[in-house]
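Structure data follow from target_38.txt (compact mmCIF, C-alpha atoms):
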# COMPACT_ATOMS: atom_id res chain seq x y z
CA MET C 147 211.56 137.40 128.81
CA LYS C 148 209.76 136.18 125.70
CA ASP C 149 211.80 135.59 122.58
CA ASN C 150 209.92 137.47 119.89
CA SER C 151 212.79 137.45 117.42
CA ILE C 152 212.05 136.83 113.77
CA SER C 153 214.06 133.59 113.90
CA LYS C 154 211.90 132.33 116.77
CA GLN C 155 208.74 133.16 114.91
CA ILE C 156 210.00 131.47 111.76
CA GLU C 157 210.71 128.36 113.81
CA ILE C 158 207.12 128.34 115.02
CA LYS C 159 205.80 128.89 111.54
CA ASN C 160 207.74 126.06 109.93
CA SER C 161 204.87 123.65 110.43
CA ILE C 162 202.50 125.94 108.55
CA ASP C 163 203.22 125.72 104.89
CA ASN C 164 200.65 127.58 102.83
CA LEU C 165 202.17 131.03 103.39
CA SER C 166 205.72 131.87 102.37
CA PHE C 167 205.64 135.33 103.90
CA LEU C 168 204.55 136.41 107.35
CA TRP C 169 203.99 139.90 108.67
CA LEU C 170 205.45 141.82 111.54
CA ALA C 171 204.02 145.13 112.74
CA CYS C 172 206.24 147.63 114.58
CA PHE C 173 204.56 150.45 116.47
CA LYS C 174 205.79 153.88 117.51
CA ASN C 175 206.00 152.80 121.15
CA GLU C 176 208.29 149.89 120.10
CA ASP C 177 205.53 147.28 120.48
CA LEU C 178 205.86 144.39 118.05
CA ILE C 179 203.10 142.12 116.83
CA PHE C 180 204.10 139.05 114.84
CA GLN C 181 201.63 137.16 112.70
CA TYR C 182 202.60 134.12 114.75
CA GLN C 183 203.40 134.69 118.38
CA ASP C 184 203.60 132.30 121.30
CA GLY C 185 202.43 129.46 119.10
CA LYS C 186 199.24 131.04 117.84
CA GLU C 187 198.24 133.18 114.91
CA ASN C 188 197.41 136.82 115.49
CA ARG C 189 194.69 138.33 113.38
CA PHE C 190 195.52 141.35 111.23
CA GLN C 191 192.70 143.07 113.10
CA LEU C 192 195.24 143.76 115.87
CA VAL C 193 197.19 145.88 113.39
CA LYS C 194 194.10 147.53 111.94
CA ASP C 195 193.05 148.58 115.40
CA ARG C 196 196.33 150.50 115.79
CA PHE C 197 196.88 151.82 112.27
CA GLU C 198 197.55 155.35 113.56
CA GLU C 199 200.37 154.05 115.75
CA LEU C 200 202.03 151.91 113.08
CA LYS C 201 205.68 152.76 112.34
CA TYR C 202 206.89 149.90 110.15
CA PHE C 203 205.16 146.93 108.58
CA ILE C 204 207.43 144.10 107.50
CA LEU C 205 206.69 141.09 105.34
CA TYR C 206 209.42 138.48 105.73
CA HIS C 207 209.99 135.14 104.06
CA LYS C 208 209.80 132.29 106.52
CA GLU C 209 212.56 130.24 104.91
CA ASN C 210 215.15 132.77 103.77
CA SER C 211 216.29 136.34 104.39
CA LEU C 212 213.93 138.11 101.99
CA TYR C 213 211.92 140.89 103.49
CA PHE C 214 209.91 143.94 102.46
CA LEU C 215 209.55 146.91 104.79
CA VAL C 216 206.97 149.68 104.60
CA ASP C 217 207.97 152.82 106.50
CA LEU C 218 204.69 154.45 107.47
CA GLN C 219 206.41 157.59 108.77
CA LYS C 220 208.47 158.45 105.69
CA GLY C 221 206.19 156.79 103.19
CA ASN C 222 208.45 154.38 101.39
CA ILE C 223 208.88 150.69 100.83
CA SER C 224 212.16 148.85 100.71
CA PHE C 225 213.15 145.40 99.58
CA MET C 226 216.70 144.43 100.49
CA ASN C 227 218.70 147.04 98.51
CA TYR C 228 215.72 148.51 96.71
CA GLU C 229 213.88 151.61 97.85
CA ASP C 230 211.11 153.26 95.91
CA LYS C 231 212.19 156.32 93.95
CA ASP C 232 209.48 158.61 95.25
CA SER C 233 210.72 158.47 98.81
CA GLU C 234 211.86 162.13 98.83
CA GLU C 235 208.42 163.44 97.90
CA LYS C 236 206.45 165.12 100.67
CA LYS C 237 203.69 162.73 101.68
CA ASN C 238 200.77 163.22 103.98
CA ASN C 239 198.30 160.84 105.56
CA ILE C 240 200.37 157.73 104.85
CA ARG C 241 198.40 154.50 105.23
CA LEU C 242 199.37 150.85 104.90
CA ILE C 243 198.07 148.66 102.09
CA TYR C 244 198.30 144.94 102.72
CA PHE C 245 196.27 141.93 101.67
CA ARG C 246 196.80 138.43 100.36
CA ARG C 247 195.13 137.54 97.08
CA ASN C 248 194.15 133.87 97.00
CA ARG C 249 193.30 132.07 93.78
CA ILE C 250 191.91 128.53 93.83
CA GLU C 251 191.56 126.65 90.58
CA ILE C 252 189.51 123.47 90.46
CA SER C 253 189.85 121.26 87.42
CA GLY C 254 188.61 117.71 87.49
CA ASP C 255 189.78 116.27 90.80
CA LYS C 256 192.71 118.69 91.09
CA GLN C 257 192.85 121.97 92.97
CA ASN C 258 195.61 124.54 92.89
CA HIS C 259 195.79 127.32 95.49
CA THR C 260 198.14 130.24 94.88
CA VAL C 261 198.73 133.27 97.08
CA THR C 262 200.18 136.64 96.15
CA TYR C 263 200.93 139.36 98.67
CA HIS C 264 199.94 142.94 97.93
CA LEU C 265 201.98 145.33 100.04
CA GLY C 266 202.48 149.07 99.95
CA TYR C 267 201.02 152.33 101.09
CA GLN C 268 198.83 155.20 99.97
CA TYR C 269 199.26 158.86 100.73
CA SER C 270 198.10 162.34 99.83
CA ASP C 271 200.51 164.40 97.75
CA LEU C 272 200.97 168.17 98.03
CA GLN C 273 198.07 168.72 95.64
CA GLY C 274 195.84 166.53 97.78
CA ASN C 275 195.73 163.68 95.29
CA ASN C 276 195.62 160.14 96.67
CA ARG C 277 198.61 158.12 95.46
CA LYS C 278 199.33 154.42 95.89
CA VAL C 279 202.51 152.37 95.72
CA ILE C 280 201.83 148.63 95.79
CA LEU C 281 204.10 145.65 95.28
CA GLU C 282 202.64 142.34 94.13
CA ILE C 283 204.84 139.70 95.73
CA TYR C 284 204.86 136.04 94.75
CA GLN C 285 205.46 133.09 97.04
CA ASN C 286 209.05 132.73 95.81
CA GLY C 287 209.84 136.35 96.61
CA SER C 288 209.77 137.76 93.09
CA TRP C 289 207.70 140.90 92.79
CA ILE C 290 206.36 143.55 90.49
CA ILE C 291 205.37 147.10 91.28
CA ASN C 292 201.83 148.31 90.70
CA ASN C 293 201.39 152.06 91.08
CA MET A 126 198.09 130.20 107.94
CA GLY A 127 195.16 132.54 107.55
CA ALA A 128 191.82 131.31 106.37
CA THR A 129 191.40 127.77 105.10
CA PHE A 130 189.28 127.51 101.97
CA VAL A 131 187.25 124.63 100.57
CA PHE A 132 184.62 124.38 97.86
CA SER A 133 181.17 123.24 98.98
CA GLU A 134 178.07 122.01 97.16
CA ARG A 135 174.39 121.98 98.10
CA ASN A 136 172.03 119.28 96.91
CA GLY A 137 168.59 117.80 97.37
CA VAL A 138 165.30 119.05 98.66
CA GLY A 139 166.85 119.53 102.07
CA GLU A 140 169.81 121.58 100.86
CA VAL A 141 172.36 119.08 102.10
CA ILE A 142 175.79 120.70 102.20
CA THR A 143 178.88 118.75 101.22
CA ASP A 144 182.06 120.57 102.23
CA ASP A 145 185.45 120.11 100.63
CA ILE A 146 184.16 118.65 97.39
CA ALA A 147 186.76 117.12 95.09
CA ASN A 148 185.35 118.37 91.80
CA VAL A 149 182.59 120.32 90.08
CA ASN A 150 181.52 117.61 87.64
CA MET A 151 178.25 118.30 85.84
CA GLY A 152 175.79 115.58 84.89
CA SER A 153 172.26 114.25 84.81
CA VAL A 154 171.88 113.77 88.56
CA ASP A 155 171.70 116.09 91.53
CA ALA A 156 174.76 114.93 93.41
CA ALA A 157 178.14 116.18 94.52
CA GLU A 158 181.26 114.64 92.99
CA LEU A 159 179.22 112.76 90.39
CA VAL A 160 180.88 110.59 87.75
CA PRO A 161 180.05 112.13 84.37
CA ALA A 162 180.33 108.83 82.51
CA SER A 163 177.63 107.41 84.76
CA TYR A 164 175.37 110.42 84.42
CA PRO A 165 175.92 111.87 80.93
CA ILE A 166 173.92 114.81 79.67
CA THR A 167 171.72 113.86 76.75
CA ARG A 168 171.95 116.04 73.64
CA GLY A 169 169.16 118.59 73.74
CA ASP A 170 169.11 118.50 77.51
CA ASN A 171 170.67 120.32 80.43
CA SER A 172 172.69 119.14 83.36
CA PHE A 173 171.20 119.43 86.80
CA GLY A 174 171.87 122.82 88.24
CA LYS A 175 174.80 122.87 90.63
CA TYR A 176 175.10 125.16 93.64
CA ILE A 177 178.75 125.77 94.52
CA SER A 178 180.09 128.00 97.25
CA GLY A 179 183.30 128.62 99.15
CA LYS A 180 183.70 127.96 102.84
CA PHE A 181 186.23 129.65 105.10
CA THR A 182 187.50 128.32 108.42
CA GLY A 183 190.55 129.17 110.49
CA VAL A 184 191.77 132.66 111.32
CA TRP A 185 191.30 135.79 109.25
CA THR A 186 190.03 139.34 109.63
CA THR A 187 188.19 140.14 106.41
CA ILE A 188 187.56 138.22 103.18
CA SER A 189 186.59 140.49 100.29
CA ASN A 190 186.56 140.88 96.52
CA ILE A 191 185.37 137.31 95.91
CA LYS A 192 185.23 136.40 92.23
CA PHE A 193 184.38 133.28 90.23
CA TRP A 194 184.90 132.48 86.57
CA LYS A 195 185.70 129.69 84.12
CA SER A 196 189.38 130.14 83.46
CA ALA A 197 190.12 127.25 81.09
CA GLY A 198 188.48 124.49 79.09
CA ALA A 199 187.15 125.19 75.64
CA LEU A 200 183.47 124.59 74.97
CA VAL A 201 182.64 122.16 72.20
CA ALA A 202 180.09 123.07 69.53
CA GLY A 203 176.61 123.12 71.03
CA GLU A 204 177.83 123.29 74.63
CA THR A 205 177.19 126.27 76.88
CA ILE A 206 177.69 126.79 80.58
CA LYS A 207 175.33 129.12 82.39
CA ALA A 208 176.09 130.73 85.73
CA SER A 209 174.80 133.24 88.23
CA ALA A 210 176.17 134.67 91.44
CA ASN A 211 174.61 134.70 94.91
CA ALA A 212 171.80 132.43 93.74
CA VAL A 213 169.13 131.54 96.27
CA TYR A 214 169.08 127.77 96.68
CA ALA A 215 166.28 125.75 95.15
CA GLN A 216 166.32 122.02 94.65
CA PRO A 217 168.39 121.50 91.48
CA SER A 218 166.70 120.23 88.34
CA GLN A 219 167.38 120.03 84.61
CA VAL A 220 165.06 122.94 83.85
CA ASP A 221 166.89 125.82 82.17
CA THR A 222 168.10 128.09 84.96
CA GLY A 223 167.82 131.10 82.70
CA ASP A 224 171.24 132.32 83.79
CA SER A 225 173.81 134.06 81.60
CA ASP A 226 176.88 132.51 80.00
CA ILE A 227 179.61 131.95 82.55
CA PRO A 228 182.34 134.63 82.51
CA THR A 229 185.69 133.49 81.21
CA THR A 230 187.97 136.29 82.42
CA GLU A 231 188.80 137.79 85.78
CA GLY A 232 187.65 141.16 84.54
CA THR A 233 184.14 139.90 83.84
CA ALA A 234 183.99 137.43 86.74
CA LEU A 235 180.94 136.91 88.91
CA SER A 236 181.16 138.81 92.21
CA LEU A 237 180.20 136.81 95.26
CA ASN A 238 178.90 138.05 98.57
CA SER A 239 178.85 136.17 101.83
CA ALA A 240 176.07 133.63 102.22
CA GLU A 241 174.35 136.22 104.38
CA GLY A 242 174.46 138.79 101.59
CA ALA A 243 177.28 141.02 102.83
CA ALA A 244 180.04 142.22 100.53
CA THR A 245 182.68 140.85 102.91
CA ILE A 246 183.05 137.88 105.23
CA GLU A 247 184.12 139.08 108.65
CA TYR A 248 185.75 136.78 111.16
CA GLY A 249 183.96 136.00 114.38
CA VAL A 250 180.90 138.13 113.74
CA SER A 251 177.67 136.68 115.03
CA GLY A 252 175.58 135.17 112.27
CA VAL A 253 178.43 134.85 109.78
CA SER A 254 178.59 131.27 108.53
CA GLY A 255 181.88 131.51 106.65
CA TYR A 256 180.24 130.50 103.37
CA THR A 257 180.17 132.61 100.23
CA GLY A 258 177.00 133.05 98.29
CA ASN A 259 176.11 130.33 95.80
CA VAL A 260 177.36 130.10 92.25
CA ARG A 261 174.66 128.32 90.27
CA LEU A 262 176.07 126.41 87.30
CA GLN A 263 174.37 124.50 84.53
CA THR A 264 175.76 122.88 81.40
CA GLN A 265 173.44 122.98 78.39
CA ILE A 266 173.94 120.68 75.41
CA ALA A 267 172.23 121.54 72.13
CA VAL A 268 170.46 118.91 70.02
CA GLY A 269 173.08 119.25 67.30
CA ALA A 270 176.10 118.82 69.56
CA SER A 271 178.59 116.09 68.75
CA ALA A 272 178.44 112.92 70.81
CA GLY A 273 181.20 112.22 73.28
CA ALA A 274 182.88 113.79 76.25
CA THR A 275 183.32 117.54 76.52
CA ASN A 276 186.58 119.18 77.54
CA GLN A 277 187.59 119.42 81.15
CA LYS A 278 186.91 122.84 82.61
CA THR A 279 188.86 124.87 85.13
CA TYR A 280 186.93 127.13 87.46
CA THR A 281 188.66 129.81 89.49
CA LEU A 282 187.57 131.39 92.75
CA GLN A 283 189.60 134.36 93.92
CA TYR A 284 189.44 136.39 97.11
CA ASP A 285 191.42 138.95 99.05
CA GLU A 286 192.24 138.27 102.68
CA ILE A 287 193.61 140.18 105.59
Before anything else, please render the file you have as structure tokens.
Amino acid sequence: MKDNSISKQIEIKNSIDNLSFLWLACFKNEDLIFQYQDGKENRFQLVKDRFEELKYFILYHKENSLYFLVDLQKGNISFMNYEDKDSEEKKNNIRLIYFRRNRIEISGDKQNHTVTYHLGYQYSDLQGNNRKVILEIYQNGSWIINN
Amino acid sequence: MGATFVFSERNGVGEVITDDIANVNMGSVDAAELVPASYPITRGDNSFGKYISGKFTGVWTTISNIKFWKSAGALVAGETIKASANAVYAQPSQVDTGDSDIPTTEGTALSLNSAEGAATIEYGVSGVSGYTGNVRLQTQIAVGASAGATNQKTYTLQYDEI
């Protein structure tokens, strides 16, 4: 049986150093897709192709215990002990938001590449308005909320 | 790991592409990674135009929201930097490109397409080169500018990736 545990995936990822956080997609039928699996990188397209089946989407730090979890059934996002305050609101059509924003600065012969992770969800409220909850997460795990 | 990014430059009549350039130095020659002290820009003249792009390799799904701007480096009196996005390549020269002043904030940044003209760069799609469209840059030095080196500039390219 394959070891798809987070610790195993982190071990694989240790040689790849430009991303602090990796994703893990959990589906309603208990399928798991790790960003790195069996020594190769999975494209996010595999998650996009099954958006309707997505149950949880987790972003975890490869070197420590930090993680962010988006619950696509309830419509909330949690970080360790934090859970967004709107989690009791009735939410419809809950959809994942995830992308990495890359910024490359070139100055003289120096280049600096920074990555921030944008993670959250959007939903329709009872009035039919589209709402978004997005965290901007930095490589060191600090984050800010952007609604 | 996701996509791997490098800056690229195009030069010459044959549009020779140099990937993974070390700098975006401007000067009085059409060459990548030129040494400004060896090719200074004469007062009252322009630098050669410079065609810069990004190149993506590795694994990704979609690259989008590609922006470019000058994020640091004050201009000296009489110095301007012109820029345009998604410029069609033509052999660089010192003729005024006629472009606008380069944006200096993310909010006003140039928006880049793929080299093929699409708003996004999709992985593994036939005909997608992995290059962004060109940013055409040119430094212009007025006759009355002070002699000496200008300030070092910082250029920023930003993109969203899944």
request  = Report as a PyMOL selection string the set of chain C residues whose atoms approach chain A to within 6 Å, with distances computed over all atoms listed in the file.
outcome  = chain C and resi 189+191+245-255
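Proximity to C:His207 was assessed for C:Asn239, C:Asn292, C:Gln183, C:Gln285 counting all atoms listed in the file; the smallest distance is recorded for C:Gln285.
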message = as a ChimeraX atom specification, please: the residues near A:Pro217 (cut-off 7 Å, only C-alpha atoms, same-chain neighbours under 2 positions excluded).
response = /A:136-137,155,173-175,215
Polymer residues at most 12 Å from stretch 264-274 of chain A, only C-alpha atoms, same-chain spacing of 5 or more positions, as a VMD selection string = chain A and resid 149 to 153 161 to 175 200 to 208 218 to 227
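Atom pair atom CA of A:Leu262 / atom CA of C:Thr260 has a distance of 23.6 Å (rounded to one decimal).
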inquiry  = Ranking C:Val279, C:Leu170, C:Ile291, C:Leu165 by minimum distance to C:Lys208 and counting all atoms listed in the file, which one comes first?
reply    = C:Leu165
task = Could you check how far atom CA of C:Tyr244 sits from atom CA of C:Asp177, in Å to one decimal?
result = 19.3 Å
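Across the model, the gap from atom CA of A:Tyr176 to atom CA of A:Tyr214 is 7.2 Å.
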